[in-house]
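All remarks here apply to the structure that follows.
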Amino acid sequence: MQDEPTPTELIKAVADFLRNEITPVIKGHNAFKLRVGINALDLVTRQLTLAEGSDAAEAGRLKELLGADGPLIELNRSLSDKISKGGVDLQTPGLAEHLWQTTMDKLAVDQPNYASYKRELGNK
C-alpha cells in the first residue's frame, strides 16, 4: 500500500489545478481540449471512488436474479442472453429494479450532472 496522497486525491488535485489555474488563461480550441481533459480526469476520479461499490452491488443483484455466481462480466452476459431468448423479462421479480439501479449507478460515474439523473435522485 502506498502512502498518501491516494491516486484519487492526485487526479482530483491535477483536475482542480487545471480547472482553476490553467483554464482561465487558455483560449480557443485549446481551451476546449483542456475542458475535455479535465472532464476525463473527473470521470476517472468518480470511477475510482464509486465503481467498486456499485460493481459489487450489481454482481450481488445478478447472482440473486440468475441463481448463479461468477465474474460480473459473465453474469451480465448471462442476463443478456436470458433476456434475448425470452427467459426473463420485466415481469421477472427484481429485474426492473436491477436494471434501474444499474443505470443509476452508471450515471453517477459517467454523467452525474445529467438533468434526468438529478431529477430521479430527488424523487427518492
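Residue numbering restarts at 1 for every chain of the C-alpha cells, chains are lettered A, B, ... in their displayed order, and ligands are numbered from 1 as they appear.
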
Got a sec: who's within 12 Å of Arg77 (chain A), counting only C-alpha atoms, leaving out chain neighbours fewer than 5 positions off, as an mmCIF file with C-alpha atoms, in the first residue's frame?
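Produced file out10.cif, reproduced below:
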```cif
data_model
loop_
_atom_site.group_PDB
_atom_site.id
_atom_site.type_symbol
_atom_site.label_atom_id
_atom_site.label_comp_id
_atom_site.auth_asym_id
_atom_site.auth_seq_id
_atom_site.Cartn_x
_atom_site.Cartn_y
_atom_site.Cartn_z
ATOM 1 C CA ALA A 59 -22.927 -8.544 -9.022
ATOM 2 C CA LEU A 62 -27.245 -10.515 -10.686
ATOM 3 C CA LEU A 66 -29.722 -15.629 -12.033
ATOM 4 C CA GLY A 70 -19.225 -15.698 -11.457
ATOM 5 C CA PRO A 71 -17.415 -12.589 -12.625
ATOM 6 C CA LEU A 72 -19.579 -9.522 -13.244
ATOM 7 C CA LYS A 82 -31.681 -14.792 -20.955
ATOM 8 C CA ILE A 83 -33.353 -11.511 -21.924
ATOM 9 C CA SER A 84 -32.686 -12.015 -25.649
#
```

Review point. Which residues in region 3-103 of chain A does DSSP call helix (DSSP H, G or I)? List them as a ChimeraX atom specification.
Key: /A:7-25,28-66,72-84,95-103

**Study point:** Distance of CA of Val44 (chain A) from CA of Gln111 (chain A), expressed in Å to one decimal place
**Key:** 12.0 Å

**Study point:** Pairwise distance for CA of Gln101 (chain A) and CA of Asn39 (chain A), rounded to one decimal in Å
**Key:**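 Going from CA of Gln101 (chain A) over to CA of Asn39 (chain A) covers 23.8 Å.
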
Practice item. Select, from A:Thr23, A:Gln47, A:Thr103, A:Ser54, the residue with the minimum atom-to-atom distance to Glu120 (chain A), counting only C-alpha atoms. Key: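 When distances to Glu120 (chain A) are compared using only C-alpha atoms, the smallest one comes from A:Thr103.
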
Check your understanding: Which of these residues is nearest to Leu48 (chain A), using only C-alpha atoms: A:Val25, A:Ile11, A:Ala68, A:Leu99?
Key ->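 Going through A:Val25, A:Ile11, A:Ala68, A:Leu99 one by one, the smallest distance to Leu48 (chain A) is for A:Ile11.
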
**Study point:** One-decimal distance in Å that lies between CA of Thr6 (chain A) and CA of Val109 (chain A)
**Key:** 18.6 Å

**Study point:** Shell of 8 Å around Thr45 (chain A), only C-alpha atoms, local chain residues under 4 positions omitted, as a PyMOL selection string
**Key:** chain A and resi 8+11-12+41+49

Could the residues in this selection be saved with N, CA and C atoms as a PDB file, in the first residue's frame?
```pdb
ATOM      1  N   THR A   8      -6.717   8.751  -6.269  1.00  0.00           N
ATOM      2  CA  THR A   8      -7.906   9.592  -6.451  1.00  0.00           C
ATOM      3  C   THR A   8      -7.612  11.031  -6.049  1.00  0.00           C
ATOM      4  N   ILE A  11      -5.352  12.670  -8.779  1.00  0.00           N
ATOM      5  CA  ILE A  11      -6.096  13.005 -10.001  1.00  0.00           C
ATOM      6  C   ILE A  11      -6.985  14.215  -9.763  1.00  0.00           C
ATOM      7  N   LYS A  12      -7.668  14.241  -8.619  1.00  0.00           N
ATOM      8  CA  LYS A  12      -8.535  15.375  -8.291  1.00  0.00           C
ATOM      9  C   LYS A  12      -7.718  16.666  -8.186  1.00  0.00           C
ATOM     10  N   LEU A  41     -10.441  13.506 -16.393  1.00  0.00           N
ATOM     11  CA  LEU A  41      -9.880  13.315 -15.050  1.00  0.00           C
ATOM     12  C   LEU A  41     -10.985  13.210 -14.002  1.00  0.00           C
ATOM     13  N   THR A  49     -13.692   6.152  -7.228  1.00  0.00           N
ATOM     14  CA  THR A  49     -14.433   6.339  -5.984  1.00  0.00           C
ATOM     15  C   THR A  49     -15.678   5.459  -5.904  1.00  0.00           C
TER      16      THR A  49
END
```

Which residues are near Asp110 (chain A)? Cut-off 7 Å, only C-alpha atoms, ignore same chain within fewer than 3 positions. Put them as a PDB file with N, CA and C atoms, in the first residue's frame.
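So result-v1.pdb came out as:
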```pdb
ATOM      1  N   LEU A  43     -13.991  12.096 -14.524  1.00  0.00           N
ATOM      2  CA  LEU A  43     -14.619  10.790 -14.741  1.00  0.00           C
ATOM      3  C   LEU A  43     -13.803   9.679 -14.085  1.00  0.00           C
ATOM      4  N   LYS A 106     -24.384   3.724 -13.008  1.00  0.00           N
ATOM      5  CA  LYS A 106     -23.516   4.090 -14.125  1.00  0.00           C
ATOM      6  C   LYS A 106     -23.585   5.593 -14.408  1.00  0.00           C
ATOM      7  N   LEU A 107     -24.769   6.169 -14.296  1.00  0.00           N
ATOM      8  CA  LEU A 107     -24.894   7.616 -14.480  1.00  0.00           C
ATOM      9  C   LEU A 107     -24.149   8.390 -13.396  1.00  0.00           C
TER      10      LEU A 107
END
```

Exercise for review: Might you pull out every residue within 9 Å of Ile38 (chain A), with only C-alpha atoms counted and same-chain residues fewer than 2 positions away left off, and present them as a ChimeraX atom specification?
Suggested key: /A:14-16,18-19,33-36,40-43

Please save N, CA and C atoms of the selected residues as a PDB file, in the first residue's frame.
```pdb
ATOM      1  N   VAL A  14      -4.890  17.412  -9.708  1.00  0.00           N
ATOM      2  CA  VAL A  14      -4.494  17.842 -11.054  1.00  0.00           C
ATOM      3  C   VAL A  14      -5.681  18.483 -11.767  1.00  0.00           C
ATOM      4  N   ALA A  15      -6.850  17.841 -11.695  1.00  0.00           N
ATOM      5  CA  ALA A  15      -8.043  18.397 -12.347  1.00  0.00           C
ATOM      6  C   ALA A  15      -8.374  19.773 -11.776  1.00  0.00           C
ATOM      7  N   ASP A  16      -8.318  19.913 -10.470  1.00  0.00           N
ATOM      8  CA  ASP A  16      -8.619  21.206  -9.840  1.00  0.00           C
ATOM      9  C   ASP A  16      -7.605  22.267 -10.254  1.00  0.00           C
ATOM     10  N   LEU A  18      -5.824  22.359 -13.060  1.00  0.00           N
ATOM     11  CA  LEU A  18      -6.098  22.717 -14.455  1.00  0.00           C
ATOM     12  C   LEU A  18      -7.348  23.584 -14.565  1.00  0.00           C
ATOM     13  N   ARG A  19      -8.390  23.216 -13.821  1.00  0.00           N
ATOM     14  CA  ARG A  19      -9.661  23.941 -13.866  1.00  0.00           C
ATOM     15  C   ARG A  19      -9.501  25.375 -13.342  1.00  0.00           C
ATOM     16  N   LYS A  33     -10.108  21.655 -25.624  1.00  0.00           N
ATOM     17  CA  LYS A  33      -9.367  20.411 -25.379  1.00  0.00           C
ATOM     18  C   LYS A  33      -8.995  20.275 -23.909  1.00  0.00           C
ATOM     19  N   LEU A  34      -8.683  21.379 -23.270  1.00  0.00           N
ATOM     20  CA  LEU A  34      -8.375  21.352 -21.838  1.00  0.00           C
ATOM     21  C   LEU A  34      -9.605  20.936 -21.035  1.00  0.00           C
ATOM     22  N   ARG A  35     -10.767  21.473 -21.365  1.00  0.00           N
ATOM     23  CA  ARG A  35     -12.009  21.082 -20.656  1.00  0.00           C
ATOM     24  C   ARG A  35     -12.314  19.606 -20.860  1.00  0.00           C
ATOM     25  N   VAL A  36     -12.058  19.085 -22.053  1.00  0.00           N
ATOM     26  CA  VAL A  36     -12.249  17.653 -22.313  1.00  0.00           C
ATOM     27  C   VAL A  36     -11.321  16.844 -21.406  1.00  0.00           C
ATOM     28  N   ALA A  40     -12.290  14.244 -18.381  1.00  0.00           N
ATOM     29  CA  ALA A  40     -11.788  12.864 -18.319  1.00  0.00           C
ATOM     30  C   ALA A  40     -11.189  12.569 -16.943  1.00  0.00           C
ATOM     31  N   LEU A  41     -10.441  13.506 -16.393  1.00  0.00           N
ATOM     32  CA  LEU A  41      -9.880  13.315 -15.050  1.00  0.00           C
ATOM     33  C   LEU A  41     -10.985  13.210 -14.002  1.00  0.00           C
ATOM     34  N   ASP A  42     -12.019  14.031 -14.126  1.00  0.00           N
ATOM     35  CA  ASP A  42     -13.154  13.951 -13.201  1.00  0.00           C
ATOM     36  C   ASP A  42     -13.852  12.598 -13.305  1.00  0.00           C
ATOM     37  N   LEU A  43     -13.991  12.096 -14.524  1.00  0.00           N
ATOM     38  CA  LEU A  43     -14.619  10.790 -14.741  1.00  0.00           C
ATOM     39  C   LEU A  43     -13.803   9.679 -14.085  1.00  0.00           C
TER      40      LEU A  43
END
```
